[in-house]
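Asker: Structure file entry29.txt, compact mmCIF, N, CA, C and O atoms, is pasted below:
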```
# COMPACT_ATOMS: atom_id res chain seq x y z
N MET A 1 95.37 109.27 108.66
CA MET A 1 95.28 109.17 107.21
C MET A 1 95.90 107.84 106.75
O MET A 1 96.89 107.39 107.31
N ALA A 2 95.30 107.26 105.75
CA ALA A 2 95.81 106.01 105.18
C ALA A 2 97.19 106.22 104.59
O ALA A 2 97.50 107.29 104.05
N GLN A 3 98.02 105.21 104.69
CA GLN A 3 99.35 105.21 104.10
C GLN A 3 99.55 103.86 103.41
O GLN A 3 99.09 102.84 103.92
N ALA A 4 100.22 103.88 102.28
CA ALA A 4 100.51 102.63 101.57
C ALA A 4 101.98 102.62 101.16
O ALA A 4 102.57 103.67 100.90
N THR A 5 102.52 101.43 101.12
CA THR A 5 103.86 101.22 100.56
C THR A 5 103.65 100.32 99.35
O THR A 5 102.94 99.32 99.42
N ALA A 6 104.25 100.73 98.23
CA ALA A 6 104.01 99.99 97.00
C ALA A 6 105.25 99.99 96.12
O ALA A 6 106.17 100.78 96.30
N ARG A 7 105.22 99.10 95.16
CA ARG A 7 106.23 99.08 94.11
C ARG A 7 105.52 98.90 92.78
O ARG A 7 104.38 98.44 92.73
N HIS A 8 106.19 99.31 91.70
CA HIS A 8 105.53 99.22 90.40
C HIS A 8 106.55 99.02 89.29
O HIS A 8 107.75 99.19 89.48
N ILE A 9 106.01 98.65 88.15
CA ILE A 9 106.78 98.51 86.91
C ILE A 9 106.04 99.33 85.87
O ILE A 9 104.83 99.16 85.69
N LEU A 10 106.73 100.22 85.21
CA LEU A 10 106.14 101.08 84.18
C LEU A 10 106.69 100.70 82.82
O LEU A 10 107.91 100.68 82.62
N VAL A 11 105.78 100.39 81.88
CA VAL A 11 106.16 100.05 80.51
C VAL A 11 105.25 100.80 79.53
O VAL A 11 104.17 101.26 79.91
N PRO A 12 105.65 100.91 78.25
CA PRO A 12 104.88 101.72 77.32
C PRO A 12 103.63 101.06 76.74
O PRO A 12 102.75 101.76 76.26
N THR A 13 103.54 99.73 76.77
CA THR A 13 102.39 99.09 76.12
C THR A 13 101.66 98.15 77.07
O THR A 13 102.25 97.54 77.96
N GLU A 14 100.37 98.02 76.82
CA GLU A 14 99.55 97.09 77.60
C GLU A 14 100.01 95.66 77.38
O GLU A 14 100.03 94.85 78.31
N GLN A 15 100.39 95.34 76.14
CA GLN A 15 100.84 93.98 75.83
C GLN A 15 102.07 93.61 76.66
O GLN A 15 102.13 92.54 77.26
N GLN A 16 103.05 94.51 76.72
CA GLN A 16 104.25 94.22 77.50
C GLN A 16 103.89 94.09 78.98
O GLN A 16 104.40 93.22 79.68
N CYS A 17 102.99 94.93 79.44
CA CYS A 17 102.55 94.88 80.84
C CYS A 17 101.94 93.51 81.16
O CYS A 17 102.27 92.89 82.17
N ASN A 18 101.08 93.03 80.28
CA ASN A 18 100.47 91.72 80.48
C ASN A 18 101.50 90.59 80.44
O ASN A 18 101.42 89.64 81.22
N GLU A 19 102.47 90.70 79.54
CA GLU A 19 103.52 89.67 79.45
C GLU A 19 104.34 89.62 80.74
O GLU A 19 104.64 88.54 81.25
N LEU A 20 104.68 90.79 81.27
CA LEU A 20 105.46 90.83 82.51
C LEU A 20 104.64 90.32 83.69
O LEU A 20 105.18 89.63 84.56
N LYS A 21 103.35 90.63 83.72
CA LYS A 21 102.49 90.14 84.80
C LYS A 21 102.44 88.62 84.77
O LYS A 21 102.53 87.96 85.81
N THR A 22 102.31 88.05 83.58
CA THR A 22 102.29 86.59 83.44
C THR A 22 103.61 85.99 83.94
O THR A 22 103.61 84.97 84.65
N ALA A 23 104.73 86.63 83.62
CA ALA A 23 106.03 86.14 84.07
C ALA A 23 106.12 86.17 85.60
O ALA A 23 106.58 85.21 86.23
N ILE A 24 105.66 87.27 86.20
CA ILE A 24 105.71 87.39 87.66
C ILE A 24 104.79 86.36 88.31
O ILE A 24 105.17 85.69 89.28
N GLU A 25 103.60 86.20 87.76
CA GLU A 25 102.68 85.19 88.31
C GLU A 25 103.24 83.79 88.15
O GLU A 25 102.89 82.89 88.91
N GLY A 26 104.12 83.61 87.16
CA GLY A 26 104.76 82.31 86.94
C GLY A 26 106.00 82.10 87.79
O GLY A 26 106.67 81.09 87.66
N GLY A 27 106.35 83.08 88.62
CA GLY A 27 107.47 82.90 89.52
C GLY A 27 108.63 83.87 89.35
O GLY A 27 109.56 83.85 90.15
N ALA A 28 108.60 84.72 88.32
CA ALA A 28 109.67 85.70 88.16
C ALA A 28 109.64 86.68 89.33
O ALA A 28 108.58 87.01 89.85
N ASP A 29 110.81 87.15 89.73
CA ASP A 29 110.93 88.08 90.84
C ASP A 29 110.52 89.49 90.41
O ASP A 29 111.07 90.03 89.45
N PHE A 30 109.55 90.07 91.12
CA PHE A 30 109.02 91.40 90.78
C PHE A 30 110.15 92.42 90.70
O PHE A 30 110.25 93.18 89.73
N ALA A 31 111.00 92.46 91.70
CA ALA A 31 112.07 93.47 91.74
C ALA A 31 113.03 93.31 90.56
O ALA A 31 113.46 94.30 89.96
N GLN A 32 113.35 92.08 90.21
CA GLN A 32 114.26 91.85 89.09
C GLN A 32 113.60 92.27 87.77
O GLN A 32 114.25 92.89 86.93
N VAL A 33 112.32 91.96 87.60
CA VAL A 33 111.60 92.36 86.39
C VAL A 33 111.56 93.89 86.32
O VAL A 33 111.75 94.48 85.25
N ALA A 34 111.35 94.55 87.45
CA ALA A 34 111.35 96.02 87.47
C ALA A 34 112.70 96.57 87.04
O ALA A 34 112.77 97.50 86.23
N ARG A 35 113.77 96.00 87.58
CA ARG A 35 115.12 96.48 87.22
C ARG A 35 115.38 96.32 85.73
O ARG A 35 116.02 97.16 85.11
N GLU A 36 114.87 95.25 85.13
CA GLU A 36 115.15 94.96 83.73
C GLU A 36 114.24 95.70 82.76
O GLU A 36 114.65 95.97 81.63
N HIS A 37 113.00 96.02 83.18
CA HIS A 37 112.02 96.51 82.21
C HIS A 37 111.39 97.87 82.52
O HIS A 37 110.88 98.52 81.62
N SER A 38 111.35 98.29 83.77
CA SER A 38 110.61 99.51 84.12
C SER A 38 111.27 100.75 83.53
O SER A 38 112.49 100.91 83.58
N GLN A 39 110.44 101.65 83.02
CA GLN A 39 110.92 102.91 82.47
C GLN A 39 110.89 104.02 83.52
O GLN A 39 111.18 105.16 83.21
N CYS A 40 110.54 103.69 84.73
CA CYS A 40 110.53 104.65 85.83
C CYS A 40 111.88 104.57 86.55
O CYS A 40 112.43 103.47 86.70
N PRO A 41 112.42 105.69 87.00
CA PRO A 41 113.68 105.64 87.76
C PRO A 41 113.61 104.69 88.97
O PRO A 41 114.63 104.14 89.38
N SER A 42 112.42 104.45 89.51
CA SER A 42 112.28 103.54 90.64
C SER A 42 112.65 102.11 90.27
O SER A 42 112.90 101.28 91.14
N GLY A 43 112.69 101.81 88.98
CA GLY A 43 113.06 100.48 88.54
C GLY A 43 114.42 100.05 89.04
O GLY A 43 114.65 98.88 89.33
N ARG A 44 115.34 101.00 89.17
CA ARG A 44 116.68 100.68 89.67
C ARG A 44 116.63 100.14 91.10
O ARG A 44 117.52 99.42 91.53
N ASP A 45 115.56 100.50 91.82
CA ASP A 45 115.38 100.03 93.20
C ASP A 45 114.29 98.96 93.26
O ASP A 45 113.55 98.86 94.23
N GLY A 46 114.15 98.20 92.20
CA GLY A 46 113.16 97.12 92.17
C GLY A 46 111.73 97.61 92.08
O GLY A 46 110.80 96.88 92.38
N GLY A 47 111.54 98.86 91.68
CA GLY A 47 110.20 99.42 91.53
C GLY A 47 109.67 100.05 92.80
O GLY A 47 108.53 100.54 92.83
N ASN A 48 110.46 100.08 93.86
CA ASN A 48 110.01 100.58 95.16
C ASN A 48 109.64 102.07 95.08
O ASN A 48 110.44 102.89 94.66
N LEU A 49 108.43 102.39 95.52
CA LEU A 49 107.96 103.77 95.55
C LEU A 49 107.94 104.35 96.97
O LEU A 49 107.58 105.50 97.15
N GLY A 50 108.26 103.54 97.94
CA GLY A 50 108.23 104.00 99.32
C GLY A 50 106.81 104.08 99.85
O GLY A 50 105.89 103.45 99.32
N THR A 51 106.62 104.88 100.89
CA THR A 51 105.32 105.03 101.55
C THR A 51 104.73 106.39 101.20
O THR A 51 105.45 107.39 101.19
N PHE A 52 103.44 106.40 100.93
CA PHE A 52 102.77 107.64 100.53
C PHE A 52 101.31 107.58 100.91
O PHE A 52 100.77 106.53 101.23
N GLY A 53 100.67 108.74 100.88
CA GLY A 53 99.26 108.85 101.22
C GLY A 53 98.40 109.10 100.02
O GLY A 53 98.90 109.35 98.92
N PRO A 54 97.07 109.07 100.20
CA PRO A 54 96.14 109.35 99.10
C PRO A 54 96.42 110.73 98.50
O PRO A 54 96.73 111.68 99.21
N GLY A 55 96.33 110.81 97.19
CA GLY A 55 96.50 112.08 96.50
C GLY A 55 97.93 112.40 96.12
O GLY A 55 98.17 113.38 95.43
N GLN A 56 98.87 111.58 96.55
CA GLN A 56 100.27 111.85 96.21
C GLN A 56 100.67 111.25 94.87
O GLN A 56 101.71 111.61 94.32
N MET A 57 99.86 110.35 94.35
CA MET A 57 100.10 109.73 93.05
C MET A 57 98.92 110.09 92.13
O MET A 57 97.91 110.59 92.60
N VAL A 58 99.07 109.80 90.85
CA VAL A 58 97.96 110.08 89.93
C VAL A 58 96.73 109.27 90.32
O VAL A 58 96.85 108.20 90.94
N ARG A 59 95.55 109.76 89.97
CA ARG A 59 94.28 109.18 90.40
C ARG A 59 94.17 107.69 90.12
O ARG A 59 93.79 106.90 90.99
N GLU A 60 94.50 107.26 88.91
CA GLU A 60 94.35 105.85 88.55
C GLU A 60 95.21 104.96 89.45
O GLU A 60 94.83 103.85 89.81
N PHE A 61 96.38 105.45 89.77
CA PHE A 61 97.31 104.72 90.63
C PHE A 61 96.75 104.65 92.05
O PHE A 61 96.72 103.58 92.66
N ASP A 62 96.31 105.79 92.56
CA ASP A 62 95.72 105.86 93.90
C ASP A 62 94.56 104.89 94.07
O ASP A 62 94.44 104.22 95.10
N GLU A 63 93.68 104.82 93.06
CA GLU A 63 92.51 103.95 93.16
C GLU A 63 92.91 102.51 93.39
O GLU A 63 92.28 101.79 94.17
N VAL A 64 93.96 102.07 92.73
CA VAL A 64 94.43 100.69 92.90
C VAL A 64 95.14 100.52 94.24
O VAL A 64 94.84 99.61 95.00
N VAL A 65 96.05 101.42 94.54
CA VAL A 65 96.87 101.28 95.74
C VAL A 65 96.05 101.27 97.02
O VAL A 65 96.36 100.54 97.96
N PHE A 66 94.98 102.05 97.05
CA PHE A 66 94.20 102.14 98.29
C PHE A 66 92.96 101.25 98.30
O PHE A 66 92.12 101.36 99.18
N SER A 67 92.86 100.32 97.31
CA SER A 67 91.74 99.38 97.32
C SER A 67 92.15 97.93 97.07
O SER A 67 91.44 97.02 97.47
N ALA A 68 93.28 97.72 96.43
CA ALA A 68 93.70 96.36 96.06
C ALA A 68 94.21 95.57 97.26
O ALA A 68 94.70 96.16 98.23
N PRO A 69 94.11 94.25 97.20
CA PRO A 69 94.67 93.43 98.27
C PRO A 69 96.19 93.62 98.36
O PRO A 69 96.86 93.85 97.35
N VAL A 70 96.72 93.50 99.55
CA VAL A 70 98.16 93.62 99.77
C VAL A 70 98.86 92.38 99.22
O VAL A 70 98.34 91.27 99.32
N ASN A 71 100.04 92.59 98.62
CA ASN A 71 100.90 91.53 98.09
C ASN A 71 100.29 90.76 96.92
O ASN A 71 100.63 89.60 96.70
N VAL A 72 99.42 91.41 96.16
CA VAL A 72 98.87 90.82 94.94
C VAL A 72 99.16 91.80 93.80
O VAL A 72 98.79 92.97 93.87
N VAL A 73 99.82 91.33 92.74
CA VAL A 73 100.16 92.20 91.62
C VAL A 73 98.90 92.59 90.86
O VAL A 73 98.10 91.73 90.47
N GLN A 74 98.71 93.89 90.66
CA GLN A 74 97.56 94.44 89.96
C GLN A 74 98.00 95.05 88.64
O GLN A 74 99.09 95.60 88.54
N GLY A 75 97.13 95.01 87.67
CA GLY A 75 97.44 95.69 86.41
C GLY A 75 97.04 94.85 85.23
O GLY A 75 96.61 93.71 85.39
N PRO A 76 97.19 95.44 84.08
CA PRO A 76 97.76 96.75 83.80
C PRO A 76 96.87 97.90 84.31
O PRO A 76 95.65 97.82 84.23
N VAL A 77 97.54 98.93 84.82
CA VAL A 77 96.88 100.15 85.23
C VAL A 77 97.37 101.24 84.29
O VAL A 77 98.56 101.54 84.26
N LYS A 78 96.46 101.80 83.50
CA LYS A 78 96.85 102.82 82.52
C LYS A 78 96.81 104.20 83.16
O LYS A 78 95.84 104.57 83.81
N THR A 79 97.91 104.94 82.98
CA THR A 79 97.97 106.34 83.40
C THR A 79 98.55 107.16 82.26
O THR A 79 98.92 106.59 81.21
N GLN A 80 98.71 108.43 82.47
CA GLN A 80 99.30 109.30 81.45
C GLN A 80 100.75 108.91 81.16
O GLN A 80 101.31 109.29 80.13
N PHE A 81 101.38 108.14 82.04
CA PHE A 81 102.78 107.77 81.88
C PHE A 81 102.98 106.47 81.12
O PHE A 81 104.07 106.19 80.63
N GLY A 82 101.94 105.64 81.05
CA GLY A 82 102.03 104.34 80.39
C GLY A 82 101.22 103.31 81.15
O GLY A 82 100.18 103.64 81.74
N TYR A 83 101.70 102.09 81.16
CA TYR A 83 101.00 100.98 81.81
C TYR A 83 101.84 100.48 82.98
O TYR A 83 103.04 100.27 82.86
N HIS A 84 101.17 100.27 84.10
CA HIS A 84 101.84 99.88 85.33
C HIS A 84 101.37 98.52 85.82
O HIS A 84 100.19 98.19 85.71
N LEU A 85 102.31 97.78 86.41
CA LEU A 85 101.98 96.70 87.31
C LEU A 85 102.24 97.26 88.69
O LEU A 85 103.27 97.90 88.92
N VAL A 86 101.31 97.04 89.60
CA VAL A 86 101.41 97.63 90.94
C VAL A 86 101.25 96.54 91.98
O VAL A 86 100.36 95.69 91.87
N GLU A 87 102.11 96.58 92.97
CA GLU A 87 101.97 95.67 94.11
C GLU A 87 102.04 96.49 95.39
O GLU A 87 103.04 97.16 95.66
N VAL A 88 100.96 96.45 96.15
CA VAL A 88 100.93 97.09 97.46
C VAL A 88 101.60 96.13 98.43
O VAL A 88 101.18 94.98 98.56
N THR A 89 102.66 96.59 99.09
CA THR A 89 103.37 95.72 100.01
C THR A 89 102.98 95.95 101.47
O THR A 89 103.25 95.12 102.32
N ASP A 90 102.33 97.10 101.73
CA ASP A 90 101.85 97.39 103.09
C ASP A 90 100.83 98.53 103.00
O ASP A 90 100.94 99.40 102.14
N ARG A 91 99.83 98.48 103.88
CA ARG A 91 98.86 99.57 103.94
C ARG A 91 98.36 99.70 105.37
O ARG A 91 98.06 98.71 106.02
N ARG A 92 98.28 100.96 105.85
CA ARG A 92 97.80 101.22 107.22
C ARG A 92 96.74 102.29 107.20
O ARG A 92 96.79 103.22 106.45
```
As a first step, turn the structure in this file into C-alpha cells.
Answerer:
Amino acid sequence: MAQATARHILVPTEQQCNELKTAIEGGADFAQVAREHSQCPSGRDGGNLGTFGPGQMVREFDEVVFSAPVNVVQGPVKTQFGYHLVEVTDRR
C-alpha cells in the first residue's frame, strides 16, 4: 500500500493561504511559517503529519498527497477544516 509523509499549514482563509504560499516560495521556511500561522496542533512541530496511507486523511487532502510531486508546496487545498498548504516530503 502507498505511504506518504507530509506536512501542512492550516489557515482559515484562502487569501492567507495564498500569502503564506508566496512567502514560502520566496524563501520563507515552511516549518517556521507553520509554527507561526497554522491552526492545526501539528503547527507546533512545523506542520509535520508523519507517515500515513490513503484514506487516513480527508478526501481533498488525500487527492493532493498521493498525486502531487514530492517537495513541492501545493495549495490552497480547501477542506472542511479550512485552507491548507501541503508539502509531500516522501512517498512510497
Asker: Counting only C-alpha atoms, I want the residues whose atoms come within 7 Å of (100.7, 97.8, 104.5) in the file frame, returned as number ranges by chain.
Answerer: A: 4-5, 70, 89-92
Asker: Select, counting all atoms listed in the file, all protein, DNA and RNA residues no farther than 8 Å from (114.8, 95.9, 88.4) in file coordinates, and express the selection as number ranges by chain.
Answerer: A: 8, 29-38, 42-47
Asker: Please, what distance in Å, to one decimal, runs between atom CA of Gly26 of chain A and atom CA of Lys78 of chain A?
Answerer: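 For atom CA of Gly26 of chain A relative to atom CA of Lys78 of chain A, the distance reads 22.4 Å.
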Asker: Pick from A:Leu10, A:Val58, A:Leu85, A:Ile24: nearest to Gln39 of chain A, with all atoms listed in the file counted?
Answerer: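 Looking only at the distances to Gln39 of chain A, the closest residue turns out to be A:Leu10.
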Asker: Using DSSP on the backbone, list every residue of chain A that comes out as alpha helix (DSSP H), and give them as a PyMOL selection string.
Answerer: chain A and resi 14-25+30-37+59-65
Asker: Kindly indicate which residue among A:Cys40, A:Glu63, A:Pro69, A:Thr51 lies nearest to Ile9 of chain A, using all atoms listed in the file for the distances.
Answerer: A:Cys40
Asker: Would you compute the distance between atom CA of Tyr83 of chain A and atom CA of Val11 of chain A? Give it in Å to one decimal.
Answerer: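 Distance between the two atoms: 5.4 Å.
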Asker: Give me, please, the distance in Å between atom C of Asn71 of chain A and atom O of Pro12 of chain A, quoted to one decimal.
Answerer: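 Separation of atom C of Asn71 of chain A and atom O of Pro12 of chain A: 23.5 Å.
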Asker: Would you mind completing segment 31-42 of chain A so that it carries all heavy atoms, and writing it out as an mmCIF file, in the frame of the given file?
Answerer:
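Result saved to selection.cif:
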```cif
data_model
loop_
_atom_site.group_PDB
_atom_site.id
_atom_site.type_symbol
_atom_site.label_atom_id
_atom_site.label_comp_id
_atom_site.auth_asym_id
_atom_site.auth_seq_id
_atom_site.Cartn_x
_atom_site.Cartn_y
_atom_site.Cartn_z
ATOM 1 N N ALA A 31 111.000 92.460 91.700
ATOM 2 C CA ALA A 31 112.070 93.470 91.740
ATOM 3 C C ALA A 31 113.030 93.310 90.560
ATOM 4 O O ALA A 31 113.460 94.300 89.960
ATOM 5 C CB ALA A 31 112.822 93.390 93.058
ATOM 6 N N GLN A 32 113.350 92.080 90.210
ATOM 7 C CA GLN A 32 114.260 91.850 89.090
ATOM 8 C C GLN A 32 113.600 92.270 87.770
ATOM 9 O O GLN A 32 114.250 92.890 86.930
ATOM 10 C CB GLN A 32 114.684 90.375 89.021
ATOM 11 C CG GLN A 32 115.738 90.107 87.977
ATOM 12 C CD GLN A 32 117.028 90.879 88.221
ATOM 13 O OE1 GLN A 32 117.472 91.024 89.360
ATOM 14 N NE2 GLN A 32 117.615 91.398 87.164
ATOM 15 N N VAL A 33 112.320 91.960 87.600
ATOM 16 C CA VAL A 33 111.600 92.360 86.390
ATOM 17 C C VAL A 33 111.560 93.890 86.320
ATOM 18 O O VAL A 33 111.750 94.480 85.250
ATOM 19 C CB VAL A 33 110.174 91.754 86.366
ATOM 20 C CG1 VAL A 33 109.348 92.328 85.225
ATOM 21 C CG2 VAL A 33 110.258 90.232 86.248
ATOM 22 N N ALA A 34 111.350 94.550 87.450
ATOM 23 C CA ALA A 34 111.350 96.020 87.470
ATOM 24 C C ALA A 34 112.700 96.570 87.040
ATOM 25 O O ALA A 34 112.770 97.500 86.230
ATOM 26 C CB ALA A 34 110.978 96.521 88.860
ATOM 27 N N ARG A 35 113.770 96.000 87.580
ATOM 28 C CA ARG A 35 115.120 96.480 87.220
ATOM 29 C C ARG A 35 115.380 96.320 85.730
ATOM 30 O O ARG A 35 116.020 97.160 85.110
ATOM 31 C CB ARG A 35 116.187 95.749 88.032
ATOM 32 C CG ARG A 35 116.304 96.268 89.459
ATOM 33 C CD ARG A 35 117.524 95.708 90.175
ATOM 34 N NE ARG A 35 117.329 94.354 90.654
ATOM 35 C CZ ARG A 35 116.695 94.032 91.783
ATOM 36 N NH1 ARG A 35 116.216 94.969 92.564
ATOM 37 N NH2 ARG A 35 116.557 92.768 92.140
ATOM 38 N N GLU A 36 114.870 95.250 85.130
ATOM 39 C CA GLU A 36 115.150 94.960 83.730
ATOM 40 C C GLU A 36 114.240 95.700 82.760
ATOM 41 O O GLU A 36 114.650 95.970 81.630
ATOM 42 C CB GLU A 36 115.029 93.455 83.481
ATOM 43 C CG GLU A 36 116.108 92.650 84.170
ATOM 44 C CD GLU A 36 115.906 91.150 84.054
ATOM 45 O OE1 GLU A 36 114.968 90.709 83.344
ATOM 46 O OE2 GLU A 36 116.671 90.415 84.697
ATOM 47 N N HIS A 37 113.000 96.020 83.180
ATOM 48 C CA HIS A 37 112.020 96.510 82.210
ATOM 49 C C HIS A 37 111.390 97.870 82.520
ATOM 50 O O HIS A 37 110.880 98.520 81.620
ATOM 51 C CB HIS A 37 110.887 95.492 82.051
ATOM 52 C CG HIS A 37 111.353 94.178 81.504
ATOM 53 N ND1 HIS A 37 111.589 93.970 80.168
ATOM 54 C CD2 HIS A 37 111.651 93.016 82.131
ATOM 55 C CE1 HIS A 37 112.001 92.735 79.985
ATOM 56 N NE2 HIS A 37 112.050 92.125 81.163
ATOM 57 N N SER A 38 111.350 98.290 83.770
ATOM 58 C CA SER A 38 110.610 99.510 84.120
ATOM 59 C C SER A 38 111.270 100.750 83.530
ATOM 60 O O SER A 38 112.490 100.910 83.580
ATOM 61 C CB SER A 38 110.497 99.659 85.634
ATOM 62 O OG SER A 38 109.676 100.781 85.936
ATOM 63 N N GLN A 39 110.440 101.650 83.020
ATOM 64 C CA GLN A 39 110.920 102.910 82.470
ATOM 65 C C GLN A 39 110.890 104.020 83.520
ATOM 66 O O GLN A 39 111.180 105.160 83.210
ATOM 67 C CB GLN A 39 110.087 103.307 81.255
ATOM 68 C CG GLN A 39 110.257 102.341 80.110
ATOM 69 C CD GLN A 39 109.566 102.811 78.857
ATOM 70 O OE1 GLN A 39 108.607 103.571 78.896
ATOM 71 N NE2 GLN A 39 110.066 102.367 77.725
ATOM 72 N N CYS A 40 110.540 103.690 84.730
ATOM 73 C CA CYS A 40 110.530 104.650 85.830
ATOM 74 C C CYS A 40 111.880 104.570 86.550
ATOM 75 O O CYS A 40 112.430 103.470 86.700
ATOM 76 C CB CYS A 40 109.398 104.322 86.806
ATOM 77 S SG CYS A 40 109.306 105.441 88.215
ATOM 78 N N PRO A 41 112.420 105.690 87.000
ATOM 79 C CA PRO A 41 113.680 105.640 87.760
ATOM 80 C C PRO A 41 113.610 104.690 88.970
ATOM 81 O O PRO A 41 114.630 104.140 89.380
ATOM 82 C CB PRO A 41 113.884 107.085 88.218
ATOM 83 C CG PRO A 41 113.169 107.901 87.191
ATOM 84 C CD PRO A 41 111.977 107.066 86.781
ATOM 85 N N SER A 42 112.420 104.450 89.510
ATOM 86 C CA SER A 42 112.280 103.540 90.640
ATOM 87 C C SER A 42 112.650 102.110 90.270
ATOM 88 O O SER A 42 112.900 101.280 91.140
ATOM 89 C CB SER A 42 110.847 103.567 91.186
ATOM 90 O OG SER A 42 109.948 102.988 90.250
#
```
